[in-house]
$ cat target-v8.cif   # mmCIF, N, CA, C and O atoms
data_entry
#
loop_
_atom_site.label_atom_id
_atom_site.label_comp_id
_atom_site.auth_asym_id
_atom_site.auth_seq_id
_atom_site.Cartn_x
_atom_site.Cartn_y
_atom_site.Cartn_z
N MET D 1 0.84 -1.18 0.00
CA MET D 1 0.00 0.00 0.00
C MET D 1 0.89 1.24 0.00
O MET D 1 1.81 1.36 0.79
N ALA D 2 0.60 2.17 -0.87
CA ALA D 2 1.38 3.40 -0.98
C ALA D 2 1.03 4.34 0.18
O ALA D 2 -0.10 4.37 0.64
N ARG D 3 2.02 5.10 0.59
CA ARG D 3 1.81 6.09 1.64
C ARG D 3 1.06 7.29 1.07
O ARG D 3 1.31 7.69 -0.06
N ALA D 4 0.21 7.86 1.89
CA ALA D 4 -0.47 9.09 1.49
C ALA D 4 0.56 10.21 1.47
O ALA D 4 1.42 10.29 2.34
N LYS D 5 0.49 11.07 0.49
CA LYS D 5 1.43 12.19 0.39
C LYS D 5 1.06 13.21 1.46
O LYS D 5 -0.03 13.74 1.50
N LYS D 6 2.03 13.48 2.31
CA LYS D 6 1.83 14.39 3.44
C LYS D 6 2.18 15.82 3.07
O LYS D 6 1.70 16.76 3.67
N PHE D 7 3.02 15.99 2.06
CA PHE D 7 3.54 17.30 1.72
C PHE D 7 3.04 17.76 0.35
O PHE D 7 2.74 16.95 -0.51
N THR D 8 3.02 19.06 0.17
CA THR D 8 2.65 19.63 -1.13
C THR D 8 3.79 20.46 -1.72
O THR D 8 3.81 20.67 -2.92
N ASP D 9 4.70 20.91 -0.88
CA ASP D 9 5.83 21.70 -1.35
C ASP D 9 6.71 20.82 -2.25
O ASP D 9 7.08 19.70 -1.86
N PRO D 10 7.07 21.31 -3.44
CA PRO D 10 7.88 20.50 -4.35
C PRO D 10 9.22 20.04 -3.77
O PRO D 10 9.66 18.92 -4.01
N THR D 11 9.86 20.88 -2.99
CA THR D 11 11.14 20.49 -2.38
C THR D 11 10.93 19.39 -1.35
O THR D 11 11.69 18.43 -1.30
N ASP D 12 9.88 19.52 -0.54
CA ASP D 12 9.57 18.47 0.44
C ASP D 12 9.29 17.15 -0.27
O ASP D 12 9.76 16.09 0.15
N LEU D 13 8.54 17.21 -1.34
CA LEU D 13 8.22 16.00 -2.11
C LEU D 13 9.48 15.38 -2.71
O LEU D 13 9.65 14.16 -2.71
N ALA D 14 10.38 16.23 -3.19
CA ALA D 14 11.64 15.73 -3.77
C ALA D 14 12.50 15.07 -2.70
O ALA D 14 13.11 14.02 -2.94
N ILE D 15 12.55 15.65 -1.51
CA ILE D 15 13.30 15.05 -0.41
C ILE D 15 12.72 13.68 -0.06
O ILE D 15 13.47 12.71 0.11
N CYS D 16 11.42 13.60 0.04
CA CYS D 16 10.77 12.31 0.34
C CYS D 16 11.08 11.28 -0.73
O CYS D 16 11.35 10.11 -0.42
N GLU D 17 11.07 11.69 -1.97
CA GLU D 17 11.37 10.76 -3.07
C GLU D 17 12.82 10.30 -3.01
O GLU D 17 13.11 9.11 -3.22
N VAL D 18 13.74 11.19 -2.72
CA VAL D 18 15.15 10.80 -2.61
C VAL D 18 15.34 9.86 -1.42
O VAL D 18 16.08 8.87 -1.53
N HIS D 19 14.68 10.12 -0.31
CA HIS D 19 14.77 9.21 0.84
C HIS D 19 14.25 7.82 0.46
O HIS D 19 14.87 6.81 0.78
N ARG D 20 13.13 7.78 -0.22
CA ARG D 20 12.55 6.51 -0.65
C ARG D 20 13.52 5.77 -1.56
O ARG D 20 13.78 4.58 -1.39
N ARG D 21 14.12 6.48 -2.51
CA ARG D 21 15.07 5.87 -3.44
C ARG D 21 16.33 5.40 -2.72
O ARG D 21 16.85 4.33 -3.03
N TYR D 22 16.79 6.16 -1.75
CA TYR D 22 17.96 5.79 -0.96
C TYR D 22 17.74 4.44 -0.27
O TYR D 22 18.58 3.54 -0.34
N VAL D 23 16.60 4.30 0.38
CA VAL D 23 16.28 3.05 1.07
C VAL D 23 16.19 1.90 0.06
O VAL D 23 16.74 0.81 0.29
N GLU D 24 15.56 2.14 -1.06
CA GLU D 24 15.44 1.11 -2.09
C GLU D 24 16.81 0.64 -2.56
O GLU D 24 17.08 -0.56 -2.67
N VAL D 25 17.71 1.58 -2.86
CA VAL D 25 19.04 1.24 -3.35
C VAL D 25 19.85 0.50 -2.27
O VAL D 25 20.52 -0.49 -2.56
N MET D 26 19.78 0.97 -1.04
CA MET D 26 20.51 0.29 0.03
C MET D 26 20.02 -1.15 0.18
O MET D 26 20.82 -2.07 0.33
N GLU D 27 18.71 -1.34 0.11
CA GLU D 27 18.15 -2.67 0.33
C GLU D 27 18.35 -3.61 -0.85
O GLU D 27 18.49 -4.81 -0.66
N THR D 28 18.35 -3.09 -2.06
CA THR D 28 18.39 -3.97 -3.23
C THR D 28 19.75 -4.06 -3.90
O THR D 28 20.01 -5.01 -4.63
N VAL D 29 20.63 -3.08 -3.66
CA VAL D 29 21.91 -3.05 -4.36
C VAL D 29 23.10 -3.11 -3.42
O VAL D 29 24.00 -3.93 -3.58
N ARG D 30 23.13 -2.25 -2.43
CA ARG D 30 24.35 -2.04 -1.65
C ARG D 30 24.58 -2.98 -0.47
O ARG D 30 25.71 -3.41 -0.24
N LEU D 31 23.56 -3.27 0.32
CA LEU D 31 23.80 -4.02 1.55
C LEU D 31 24.55 -5.32 1.34
O LEU D 31 25.41 -5.68 2.13
N GLU D 32 24.25 -6.02 0.28
CA GLU D 32 24.92 -7.29 0.02
C GLU D 32 26.40 -7.12 -0.31
O GLU D 32 27.16 -8.07 -0.22
N THR D 33 26.81 -5.91 -0.68
CA THR D 33 28.19 -5.69 -1.11
C THR D 33 29.07 -5.10 0.00
O THR D 33 30.28 -4.95 -0.20
N ILE D 34 28.50 -4.78 1.13
CA ILE D 34 29.23 -4.10 2.20
C ILE D 34 29.77 -5.13 3.20
O ILE D 34 29.07 -6.07 3.59
N SER D 35 31.01 -4.93 3.61
CA SER D 35 31.62 -5.85 4.58
C SER D 35 30.91 -5.75 5.93
O SER D 35 30.34 -4.71 6.27
N PRO D 36 30.95 -6.83 6.72
CA PRO D 36 30.32 -6.79 8.04
C PRO D 36 30.86 -5.65 8.92
O PRO D 36 30.10 -5.00 9.63
N GLU D 37 32.15 -5.37 8.85
CA GLU D 37 32.75 -4.29 9.64
C GLU D 37 32.18 -2.93 9.23
O GLU D 37 31.83 -2.10 10.07
N THR D 38 32.07 -2.72 7.93
CA THR D 38 31.51 -1.45 7.43
C THR D 38 30.04 -1.34 7.78
O THR D 38 29.56 -0.25 8.13
N LYS D 39 29.31 -2.45 7.72
CA LYS D 39 27.89 -2.43 8.10
C LYS D 39 27.72 -1.99 9.54
O LYS D 39 26.81 -1.22 9.85
N GLU D 40 28.59 -2.48 10.43
CA GLU D 40 28.50 -2.10 11.85
C GLU D 40 28.73 -0.60 12.04
O GLU D 40 28.00 0.06 12.77
N ARG D 41 29.72 -0.06 11.35
CA ARG D 41 30.00 1.38 11.45
C ARG D 41 28.84 2.20 10.86
O ARG D 41 28.43 3.20 11.43
N TYR D 42 28.36 1.76 9.71
CA TYR D 42 27.24 2.46 9.06
C TYR D 42 26.02 2.44 9.97
O TYR D 42 25.34 3.45 10.14
N LEU D 43 25.73 1.29 10.56
CA LEU D 43 24.59 1.18 11.46
C LEU D 43 24.72 2.15 12.64
O LEU D 43 23.75 2.81 13.02
N ALA D 44 25.91 2.26 13.19
CA ALA D 44 26.13 3.18 14.31
C ALA D 44 25.87 4.62 13.89
O ALA D 44 25.20 5.38 14.61
N VAL D 45 26.37 5.00 12.72
CA VAL D 45 26.20 6.39 12.25
C VAL D 45 24.73 6.68 11.94
O VAL D 45 24.18 7.69 12.38
N ILE D 46 24.08 5.78 11.20
CA ILE D 46 22.70 6.04 10.80
C ILE D 46 21.75 5.98 12.01
O ILE D 46 20.78 6.72 12.08
N SER D 47 22.08 5.13 12.99
CA SER D 47 21.27 5.08 14.22
C SER D 47 21.40 6.38 15.01
O SER D 47 20.40 6.93 15.48
N SER D 48 22.62 6.86 15.12
CA SER D 48 22.86 8.11 15.84
C SER D 48 22.15 9.27 15.15
O SER D 48 21.50 10.09 15.80
N LEU D 49 22.29 9.33 13.84
CA LEU D 49 21.62 10.39 13.08
C LEU D 49 20.11 10.35 13.29
O LEU D 49 19.47 11.38 13.54
N THR D 50 19.54 9.18 13.22
CA THR D 50 18.09 9.03 13.38
C THR D 50 17.64 9.49 14.77
O THR D 50 16.62 10.19 14.90
N GLU D 51 18.39 9.09 15.79
CA GLU D 51 18.03 9.51 17.15
C GLU D 51 18.10 11.04 17.29
O GLU D 51 17.24 11.65 17.92
N LYS D 52 19.11 11.64 16.71
CA LYS D 52 19.25 13.10 16.79
C LYS D 52 18.13 13.80 16.03
O LYS D 52 17.59 14.81 16.49
N LEU D 53 17.80 13.28 14.85
CA LEU D 53 16.73 13.89 14.06
C LEU D 53 15.38 13.79 14.76
O LEU D 53 14.49 14.63 14.54
N ALA D 54 15.21 12.79 15.61
CA ALA D 54 13.94 12.60 16.31
C ALA D 54 13.72 13.62 17.42
O ALA D 54 12.62 13.70 17.98
N MET D 55 14.74 14.42 17.73
CA MET D 55 14.61 15.46 18.76
C MET D 55 14.24 16.77 18.08
O MET D 55 15.12 17.48 17.56
N PRO D 56 12.95 17.12 18.05
CA PRO D 56 12.54 18.32 17.31
C PRO D 56 13.14 19.62 17.82
O PRO D 56 13.27 20.58 17.07
N SER D 57 13.55 19.65 19.08
CA SER D 57 14.11 20.90 19.63
C SER D 57 15.58 21.08 19.27
O SER D 57 16.12 22.17 19.45
N LYS D 58 16.22 20.04 18.74
CA LYS D 58 17.65 20.12 18.41
C LYS D 58 17.80 20.74 17.03
O LYS D 58 17.26 20.23 16.06
N PRO D 59 18.55 21.85 16.91
CA PRO D 59 18.73 22.49 15.60
C PRO D 59 19.47 21.58 14.62
O PRO D 59 20.39 20.84 15.01
N LEU D 60 19.07 21.63 13.38
CA LEU D 60 19.68 20.81 12.35
C LEU D 60 21.18 21.11 12.24
O LEU D 60 21.98 20.18 12.05
N SER D 61 21.57 22.36 12.40
CA SER D 61 22.99 22.70 12.33
C SER D 61 23.80 21.98 13.41
O SER D 61 24.92 21.54 13.18
N GLU D 62 23.23 21.84 14.59
CA GLU D 62 23.89 21.13 15.68
C GLU D 62 23.99 19.63 15.36
O GLU D 62 25.03 19.00 15.59
N ILE D 63 22.93 19.08 14.80
CA ILE D 63 22.93 17.67 14.41
C ILE D 63 24.00 17.40 13.37
O ILE D 63 24.77 16.44 13.48
N VAL D 64 24.08 18.26 12.38
CA VAL D 64 25.07 18.09 11.32
C VAL D 64 26.48 18.12 11.90
O VAL D 64 27.33 17.28 11.57
N GLY D 65 26.75 19.05 12.80
CA GLY D 65 28.07 19.14 13.42
C GLY D 65 28.42 17.88 14.20
O GLY D 65 29.53 17.36 14.09
N GLU D 66 27.47 17.37 14.97
CA GLU D 66 27.71 16.16 15.75
C GLU D 66 27.92 14.95 14.85
O GLU D 66 28.82 14.14 15.11
N ILE D 67 27.12 14.82 13.82
CA ILE D 67 27.24 13.68 12.92
C ILE D 67 28.56 13.75 12.14
O ILE D 67 29.21 12.73 11.91
N MET D 68 28.97 14.93 11.75
CA MET D 68 30.25 15.07 11.04
C MET D 68 31.39 14.61 11.95
O MET D 68 32.30 13.93 11.50
N ALA D 69 31.32 14.97 13.21
CA ALA D 69 32.37 14.55 14.15
C ALA D 69 32.35 13.03 14.34
O ALA D 69 33.40 12.39 14.41
N GLU D 70 31.17 12.45 14.40
CA GLU D 70 31.05 11.00 14.59
C GLU D 70 31.41 10.22 13.32
O GLU D 70 32.06 9.18 13.39
N ALA D 71 30.97 10.72 12.18
CA ALA D 71 31.15 9.99 10.92
C ALA D 71 32.46 10.33 10.22
O ALA D 71 32.89 9.58 9.35
N GLY D 72 33.09 11.42 10.59
CA GLY D 72 34.31 11.86 9.92
C GLY D 72 35.37 10.78 9.80
O GLY D 72 35.84 10.50 8.69
N PRO D 73 35.75 10.14 10.89
CA PRO D 73 36.78 9.09 10.78
C PRO D 73 36.35 7.95 9.85
O PRO D 73 37.16 7.44 9.08
N PHE D 74 35.10 7.57 9.90
CA PHE D 74 34.58 6.52 9.03
C PHE D 74 34.67 6.94 7.56
O PHE D 74 35.10 6.17 6.70
N LEU D 75 34.30 8.18 7.27
CA LEU D 75 34.35 8.69 5.90
C LEU D 75 35.77 8.74 5.36
O LEU D 75 36.05 8.33 4.23
N PHE D 76 36.70 9.24 6.18
CA PHE D 76 38.10 9.30 5.75
C PHE D 76 38.68 7.92 5.50
O PHE D 76 39.41 7.70 4.55
N GLN D 77 38.33 6.98 6.36
CA GLN D 77 38.80 5.60 6.18
C GLN D 77 38.25 5.01 4.89
O GLN D 77 38.96 4.35 4.14
N ALA D 78 36.98 5.26 4.60
CA ALA D 78 36.36 4.73 3.40
C ALA D 78 36.99 5.33 2.15
O ALA D 78 37.14 4.66 1.11
N MET D 79 37.41 6.59 2.21
CA MET D 79 38.03 7.25 1.05
C MET D 79 39.41 6.67 0.74
O MET D 79 39.87 6.73 -0.39
N GLN D 80 40.07 6.11 1.74
CA GLN D 80 41.42 5.59 1.55
C GLN D 80 41.44 4.18 0.98
O GLN D 80 42.49 3.66 0.66
N ARG D 81 40.31 3.56 0.82
CA ARG D 81 40.25 2.17 0.29
C ARG D 81 40.25 2.16 -1.20
O ARG D 81 39.93 2.92 -1.93
#

$ encode --input "target-v8.cif" --output "structure tokens"
Amino acid sequence: MARAKKFTDPTDLAICEVHRRYVEVMETVRLETISPETKERYLAVISSLTEKLAMPSKPLSEIVGEIMAEAGPFLFQAMQR
């Protein structure tokens, strides 16, 4: 069953579509190709991001700063492979 469209703003709709596509690609293309070690790190980062985003009082700029600090080492390591 398709989700009812909650937004009417074109940018909001585009963001929702990109999120949907991201999940689809991760589930159908990428997850099978990622090492168990990388999956653990990715899970930690995406879990942390989700928890932070769930706090409506936390400014997005603060969330981005925290996630960059947490994910930075992982990103740099991935770039060196």

$ residues_around --input "target-v8.cif" --residues "Ser48 of chain D" --least-positions-apart "5" --cutoff "12 Å" --atoms "only C-alpha atoms" --output "ChimeraX atom specification"
/D:41-43,53-55,63-64,66-71

$ axis_aligned_box --input "target-v8.cif" --around "segment 69-72 of chain D" --padding-each-side "8 Å" --output "JSON"
{"center_x": 33.4, "center_y": 12.1, "center_z": 11.6, "size_x": 20.9, "size_y": 21.8, "size_z": 21.9}

$ atom_distance --input "target-v8.cif" --atom1 "atom O of Phe76 of chain D" --atom2 "atom CA of Thr38 of chain D"
12.4 Å

$ select_by_dssp --input "target-v8.cif" --residues "chain D" --states "helix (DSSP H, G or I)" --output "PyMOL selection string"
chain D and resi 10-33+36-53+60-79

$ atom_distance --input "target-v8.cif" --atom1 "atom N of Asp9 of chain D" --atom2 "atom O of Leu49 of chain D"
22.7 Å

$ atom_distance --input "target-v8.cif" --atom1 "atom C of Phe74 of chain D" --atom2 "atom CA of Val45 of chain D"
9.7 Å

$ decode --input "target-v8.cif" --residues "segment 1-21 of chain D" --atoms "N, CA, C and O atoms" --output "tab-separated table (two decimals), in the first residue's frame"
chain	number	residue	atom	x	y	z
D	1	MET	N	0.84	-1.18	0.00
D	1	MET	CA	0.00	0.00	0.00
D	1	MET	C	0.89	1.24	0.00
D	1	MET	O	1.81	1.36	0.79
D	2	ALA	N	0.60	2.17	-0.87
D	2	ALA	CA	1.38	3.40	-0.98
D	2	ALA	C	1.03	4.34	0.18
D	2	ALA	O	-0.10	4.37	0.64
D	3	ARG	N	2.02	5.10	0.59
D	3	ARG	CA	1.81	6.09	1.64
D	3	ARG	C	1.06	7.29	1.07
D	3	ARG	O	1.31	7.69	-0.06
D	4	ALA	N	0.21	7.86	1.89
D	4	ALA	CA	-0.47	9.09	1.49
D	4	ALA	C	0.56	10.21	1.47
D	4	ALA	O	1.42	10.29	2.34
D	5	LYS	N	0.49	11.07	0.49
D	5	LYS	CA	1.43	12.19	0.39
D	5	LYS	C	1.06	13.21	1.46
D	5	LYS	O	-0.03	13.74	1.50
D	6	LYS	N	2.03	13.48	2.31
D	6	LYS	CA	1.83	14.39	3.44
D	6	LYS	C	2.18	15.82	3.07
D	6	LYS	O	1.70	16.76	3.67
D	7	PHE	N	3.02	15.99	2.06
D	7	PHE	CA	3.54	17.30	1.72
D	7	PHE	C	3.04	17.76	0.35
D	7	PHE	O	2.74	16.95	-0.51
D	8	THR	N	3.02	19.06	0.17
D	8	THR	CA	2.65	19.63	-1.13
D	8	THR	C	3.79	20.46	-1.72
D	8	THR	O	3.81	20.67	-2.92
D	9	ASP	N	4.70	20.91	-0.88
D	9	ASP	CA	5.83	21.70	-1.35
D	9	ASP	C	6.71	20.82	-2.25
D	9	ASP	O	7.08	19.70	-1.86
D	10	PRO	N	7.07	21.31	-3.44
D	10	PRO	CA	7.88	20.50	-4.35
D	10	PRO	C	9.22	20.04	-3.77
D	10	PRO	O	9.66	18.92	-4.01
D	11	THR	N	9.86	20.88	-2.99
D	11	THR	CA	11.14	20.49	-2.38
D	11	THR	C	10.93	19.39	-1.35
D	11	THR	O	11.69	18.43	-1.30
D	12	ASP	N	9.88	19.52	-0.54
D	12	ASP	CA	9.57	18.47	0.44
D	12	ASP	C	9.29	17.15	-0.27
D	12	ASP	O	9.76	16.09	0.15
D	13	LEU	N	8.54	17.21	-1.34
D	13	LEU	CA	8.22	16.00	-2.11
D	13	LEU	C	9.48	15.38	-2.71
D	13	LEU	O	9.65	14.16	-2.71
D	14	ALA	N	10.38	16.23	-3.19
D	14	ALA	CA	11.64	15.73	-3.77
D	14	ALA	C	12.50	15.07	-2.70
D	14	ALA	O	13.11	14.02	-2.94
D	15	ILE	N	12.55	15.65	-1.51
D	15	ILE	CA	13.30	15.05	-0.41
D	15	ILE	C	12.72	13.68	-0.06
D	15	ILE	O	13.47	12.71	0.11
D	16	CYS	N	11.42	13.60	0.04
D	16	CYS	CA	10.77	12.31	0.34
D	16	CYS	C	11.08	11.28	-0.73
D	16	CYS	O	11.35	10.11	-0.42
D	17	GLU	N	11.07	11.69	-1.97
D	17	GLU	CA	11.37	10.76	-3.07
D	17	GLU	C	12.82	10.30	-3.01
D	17	GLU	O	13.11	9.11	-3.22
D	18	VAL	N	13.74	11.19	-2.72
D	18	VAL	CA	15.15	10.80	-2.61
D	18	VAL	C	15.34	9.86	-1.42
D	18	VAL	O	16.08	8.87	-1.53
D	19	HIS	N	14.68	10.12	-0.31
D	19	HIS	CA	14.77	9.21	0.84
D	19	HIS	C	14.25	7.82	0.46
D	19	HIS	O	14.87	6.81	0.78
D	20	ARG	N	13.13	7.78	-0.22
D	20	ARG	CA	12.55	6.51	-0.65
D	20	ARG	C	13.52	5.77	-1.56
D	20	ARG	O	13.78	4.58	-1.39
D	21	ARG	N	14.12	6.48	-2.51
D	21	ARG	CA	15.07	5.87	-3.44
D	21	ARG	C	16.33	5.40	-2.72
D	21	ARG	O	16.85	4.33	-3.03
